Each structure stands twice: as structure tokens, then as C-alpha cells.
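Accompanying notes for the structure given below.
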Amino acid sequence: MPMAEILDRLEAAYGSAVPRTRRPALDELVLTILSQNTSDRNSEHAYARMRERFPAWEDVRDAPEAELVEALRPGGLAVQKAPRIQAVLRDLERLDLEWLAGLPPDEAMRWLVALPGVGPKTASCVLLFSLDVPVMPVDTHIHRIALRVGLVPAGTSADAAHALLTAMTPPERMLEAHLLLIRHGRITCTARRPRCEECVLVDLCDYGRSLRT
């Protein structure tokens with residue numbers, strides 16, 4: 001099924017997707033690491049505390065680990081995330097990632113996922129949100145929808161779904177697709193008790209059709 005039709009239906013149901021404020025790519029990378037396994041509110045609070053305590057990225061990179069852990073504590077898992085962030089910063093030749101926008105998308109992805117603790121979702125978020133590189137970040141909502149609708153084969157992992165969903169999504173609608181699919185997953189195609197009777201994709205959806213047979 002064409003992704004364009006899915007997006008047209010979701011846009012009719014939820015309205016146009018409104019992107020959030022763009023951040024520099026390195027800021028996006030660190031904030032995405034902080035957002036792992038916690039809420040946006042907690043990760044943003046931890047990020048703000050970190051930048052207040054360590055205004056420059058060199059300060060974050062070179063801080064005593066215990067001090068960085070303390071600054072990040074409101075975000076959760078600070079003991080794991082502080083050394084991960086410092087390892088990434090120490091791995092960079094320069095503390096700037098804007099140059100990645102000039103690489104082919106697959107090359108930029110390979111470069112980012114080679115950094116310590118950076119997976120396809122984190123790399124895709126940096127490329128799409130900060131650099132307008134048309135790649136699809138796959139979170140739990142998008143992965144669930146892709147499996148239920150049949151956009152990816154049954155059993156496809158979230159990591160493997162990144163390339164498949166990127167390939168089928170019109171590049172100029174990539175950010176819109178990401179935001180609309182997440183909204184659909186939060187409101188209608190929920191993990192438990194999905195509201196299939198209200199779903200604008202139910203006639204296209206393998207999971208929805210199975211409930212009606």
C-alpha cells in the first residue's frame with residue numbers, strides 16, 4: 001500500500017503535523033541519548049541542568065563523571081548515560097555534527113551508529129530533526145503500527161524497520177510521516193486495546209482485518 005495514502009488519511013484525521021523547534025545536531029544527539037527509557041519532560045530537565053552546569057560541550061566532555069551524573073540525575077539512568085555521552089563527545093574530532101548533512105543518508109547513518117551507544121533510532125532522529133536528512137526514526141509506536149498494518153514483514157525488528165520504512169516513505173514527507181505515525185500510535189493504534197473501530201487505516205491493516213474475520 002502506498003505510504004502517501006496512509007499519510008493522507010492520517011493528516012485528515014489528526015491535522016497537519018507540527019514539527020518542534022530544530023536543535024543543532026549535537027544537541028539533538030545528546031538529548032536523544034538522554035530520552036532513552038524516560039519521559040520527554042525528564043530528559044529535557046536533565047539536559048537543561050547539564051547545560052547550566054556545563055555550558056560548553058568541552059565542559060561536558062571533560063567534567064568529572066560523578067559531577068555529570070549528578071547533573072543528569074533527574075532524567076533517570078544517569079549512571080549509564082553520563083559515561084555514554086562523554087564517550088561520544090570524546091570520539092568526535094570536532095564538537096559539531098552539521099557537516100553530516102552533506103553526506104549521502106546511508107553514509108551519515110553508518111557514521112553515527114559507529115559512535116559509542118548510538119543506534120539507528122538515535123542516529124535517525126539527529127539526521128531528520130536537525131539536518132533534514134530524509135530517514136525514518138522508528139520508535140515503539142511506529143514499529144507497532146508498521147507490524148500491524150503490514151508495512152514490514154512479521155518479526156521485523158525496530159532496527160531493521162528503519163531502512164524499510166525510509167525506503168517506502170516519500171522523502172519530502174519523512175518528518176510529517178514520523179510525527180503522524182507517532183500520533184496515531186498514541187491516540188488510536190495503542191499497544192493495549194487499540195481503537196480499531198475508529199481507525200482510518202483499518203481497511204488497509206492486517207491486524208484490523210484479522211479482528212473482523
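By order in the C-alpha cells, chains are A, B, ...; within a chain, residues start at 1; ligands start at 1, following the order shown.
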(message) So that I can check the surroundings of Arg23 in chain A, please list as a ChimeraX atom specification every protein, DNA and RNA residue that reaches within 9 Å of it, counting only C-alpha atoms and ignoring chain neighbours fewer than 4 positions away.
(response) /A:27-28,129-130
Could you take the residues named above and write them with N, CA and C atoms, as a short mmCIF file (atom, residue, chain, number, x, y, z; two decimals), in the first residue's frame?
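Written file, result.cif:
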```cif
data_model
loop_
_atom_site.label_atom_id
_atom_site.label_comp_id
_atom_site.auth_asym_id
_atom_site.auth_seq_id
_atom_site.Cartn_x
_atom_site.Cartn_y
_atom_site.Cartn_z
N ASP A 27 23.34 18.79 19.89
CA ASP A 27 22.34 18.91 20.95
C ASP A 27 21.29 17.82 20.82
N GLU A 28 20.84 17.59 19.59
CA GLU A 28 19.81 16.57 19.34
C GLU A 28 20.35 15.18 19.69
N PHE A 129 15.60 15.38 12.36
CA PHE A 129 15.14 16.56 13.10
C PHE A 129 16.07 17.76 12.97
N SER A 130 17.38 17.52 12.90
CA SER A 130 18.33 18.63 12.90
C SER A 130 18.90 18.95 11.53
#
```
(message) At a cut-off of 9 Å, using only C-alpha atoms, what residues contact Val126 in chain A? Leave out same-chain residues fewer than 3 positions from it and give the result as a list in words.
(response) Pro24, Ala25, Leu26, Asp27, Glu28, Leu29, Thr32, Leu112, Lys121, Thr122, Ala123, Phe129, Ser130, Leu131, Asp132 and Val133 of chain A
Export C-alpha atoms of the chosen residues as a PDB file, in the first residue's frame?
```pdb
ATOM      1  CA  PRO A  24      21.794  21.779  16.493  1.00  0.00           C
ATOM      2  CA  ALA A  25      22.694  18.215  15.583  1.00  0.00           C
ATOM      3  CA  LEU A  26      24.997  17.600  18.546  1.00  0.00           C
ATOM      4  CA  ASP A  27      22.344  18.911  20.954  1.00  0.00           C
ATOM      5  CA  GLU A  28      19.815  16.566  19.336  1.00  0.00           C
ATOM      6  CA  LEU A  29      22.186  13.625  19.665  1.00  0.00           C
ATOM      7  CA  THR A  32      18.087  11.730  22.286  1.00  0.00           C
ATOM      8  CA  LEU A 112      26.584   7.992  13.550  1.00  0.00           C
ATOM      9  CA  LYS A 121      16.817   5.363  16.148  1.00  0.00           C
ATOM     10  CA  THR A 122      19.124   7.912  17.770  1.00  0.00           C
ATOM     11  CA  ALA A 123      21.043   8.438  14.523  1.00  0.00           C
ATOM     12  CA  PHE A 129      15.139  16.563  13.097  1.00  0.00           C
ATOM     13  CA  SER A 130      18.327  18.631  12.903  1.00  0.00           C
ATOM     14  CA  LEU A 131      19.705  18.152   9.396  1.00  0.00           C
ATOM     15  CA  ASP A 132      16.620  17.495   7.202  1.00  0.00           C
ATOM     16  CA  VAL A 133      18.088  14.192   6.021  1.00  0.00           C
TER      17      VAL A 133
END
```
(message) Here is a test: counting only C-alpha atoms, which residue of A:Ile33, A:Ile145, A:Ala63, A:Leu179 is nearest to Cys196 in chain A?
(response)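 Checking each candidate against Cys196 in chain A, we get A:Ile145 as the closest.
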(request) Name the residues in contact with range 6-15 of chain A at a cut-off of 10 Å, using only C-alpha atoms, excluding same-chain residues fewer than 5 positions from it; report them as a ChimeraX atom specification. (result) /A:1,169,173,176-178,180-181,183-184,187,199-201,204
Would you save the residues of that selection, restricted to C-alpha atoms, as an mmCIF file, in the first residue's frame?
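Just written: result03.cif:
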```
data_model
loop_
_atom_site.group_PDB
_atom_site.id
_atom_site.type_symbol
_atom_site.label_atom_id
_atom_site.label_comp_id
_atom_site.auth_asym_id
_atom_site.auth_seq_id
_atom_site.Cartn_x
_atom_site.Cartn_y
_atom_site.Cartn_z
ATOM 1 C CA MET A 1 0.000 0.000 0.000
ATOM 2 C CA THR A 169 8.248 6.972 2.510
ATOM 3 C CA ARG A 173 7.098 13.762 3.689
ATOM 4 C CA GLU A 176 5.416 14.512 8.520
ATOM 5 C CA ALA A 177 5.197 10.710 8.362
ATOM 6 C CA HIS A 178 7.187 10.272 11.557
ATOM 7 C CA LEU A 180 1.699 11.490 12.178
ATOM 8 C CA LEU A 181 2.514 7.829 12.823
ATOM 9 C CA ARG A 183 0.323 10.495 16.973
ATOM 10 C CA HIS A 184 -1.691 7.619 15.530
ATOM 11 C CA ILE A 187 -4.224 8.027 20.181
ATOM 12 C CA CYS A 199 -9.066 3.789 12.839
ATOM 13 C CA VAL A 200 -8.832 5.431 9.424
ATOM 14 C CA LEU A 201 -6.418 2.689 8.312
ATOM 15 C CA LEU A 204 -5.576 -1.391 4.976
#
```
(request) Do a neighbour search on Arg148 in chain A at 12 Å with only C-alpha atoms, toss out local chain neighbours closer than 2 positions, and write the hits as an MDAnalysis selection string. (result) chainID A and resid 141:146 150:156 185 189:191 194 196 201:211
If you keep C-alpha atoms, can you produce a file of those selected residues as a PDB file, in the first residue's frame?
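Contents of selection_6.pdb, as written:
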```pdb
ATOM      1  CA  HIS A 141       4.687   3.411  18.226  1.00  0.00           C
ATOM      2  CA  ILE A 142       5.908   3.384  14.628  1.00  0.00           C
ATOM      3  CA  HIS A 143       7.289  -0.144  14.944  1.00  0.00           C
ATOM      4  CA  ARG A 144       3.945  -1.389  16.311  1.00  0.00           C
ATOM      5  CA  ILE A 145       1.955   0.288  13.533  1.00  0.00           C
ATOM      6  CA  ALA A 146       4.302  -0.955  10.819  1.00  0.00           C
ATOM      7  CA  GLY A 150       1.831  -4.939   7.335  1.00  0.00           C
ATOM      8  CA  LEU A 151       4.256  -2.266   6.190  1.00  0.00           C
ATOM      9  CA  VAL A 152       7.105  -4.550   7.263  1.00  0.00           C
ATOM     10  CA  PRO A 153       7.163  -8.361   7.452  1.00  0.00           C
ATOM     11  CA  ALA A 154       6.110 -10.038  10.691  1.00  0.00           C
ATOM     12  CA  GLY A 155       9.012 -10.350  13.101  1.00  0.00           C
ATOM     13  CA  THR A 156      10.947  -7.387  11.675  1.00  0.00           C
ATOM     14  CA  GLY A 185       0.125   5.199  17.841  1.00  0.00           C
ATOM     15  CA  CYS A 189      -3.219   2.261  17.467  1.00  0.00           C
ATOM     16  CA  THR A 190      -2.246   1.878  21.107  1.00  0.00           C
ATOM     17  CA  ALA A 191      -0.281  -1.074  22.457  1.00  0.00           C
ATOM     18  CA  PRO A 194      -6.240  -0.368  20.050  1.00  0.00           C
ATOM     19  CA  CYS A 196      -9.644  -0.254  15.583  1.00  0.00           C
ATOM     20  CA  LEU A 201      -6.418   2.689   8.312  1.00  0.00           C
ATOM     21  CA  VAL A 202      -8.476  -0.311   9.384  1.00  0.00           C
ATOM     22  CA  ASP A 203      -9.294  -1.428   5.821  1.00  0.00           C
ATOM     23  CA  LEU A 204      -5.576  -1.391   4.976  1.00  0.00           C
ATOM     24  CA  CYS A 205      -4.461  -3.055   8.185  1.00  0.00           C
ATOM     25  CA  ASP A 206      -3.641  -6.760   8.520  1.00  0.00           C
ATOM     26  CA  TYR A 207      -4.266  -6.611  12.277  1.00  0.00           C
ATOM     27  CA  GLY A 208      -7.576  -4.754  11.910  1.00  0.00           C
ATOM     28  CA  ARG A 209      -8.828  -7.146   9.256  1.00  0.00           C
ATOM     29  CA  SER A 210      -7.960 -10.117  11.455  1.00  0.00           C
ATOM     30  CA  LEU A 211     -10.266  -8.798  14.189  1.00  0.00           C
TER      31      LEU A 211
END
```
(message) For a quick check of understanding, using only C-alpha atoms, which of A:Val88, A:Leu147, A:Met168, A:Leu128 has the smallest distance to Arg20 in chain A?
(response) A:Leu128
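With only C-alpha atoms as the basis for measurement, A:Ala82 is the residue among A:Ala4, A:Ala17, A:Ala82, A:Ala163 that approaches Asp62 in chain A most closely.
Separating CA of Leu164 in chain A from CA of Ala101 in chain A is a distance of 20.9 Å.
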(request) For CA of Arg61 in chain A and CA of Gln86 in chain A, determine how far apart the two atoms are, in Å to one decimal place. (result)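 These atoms are spaced 5.0 Å apart.
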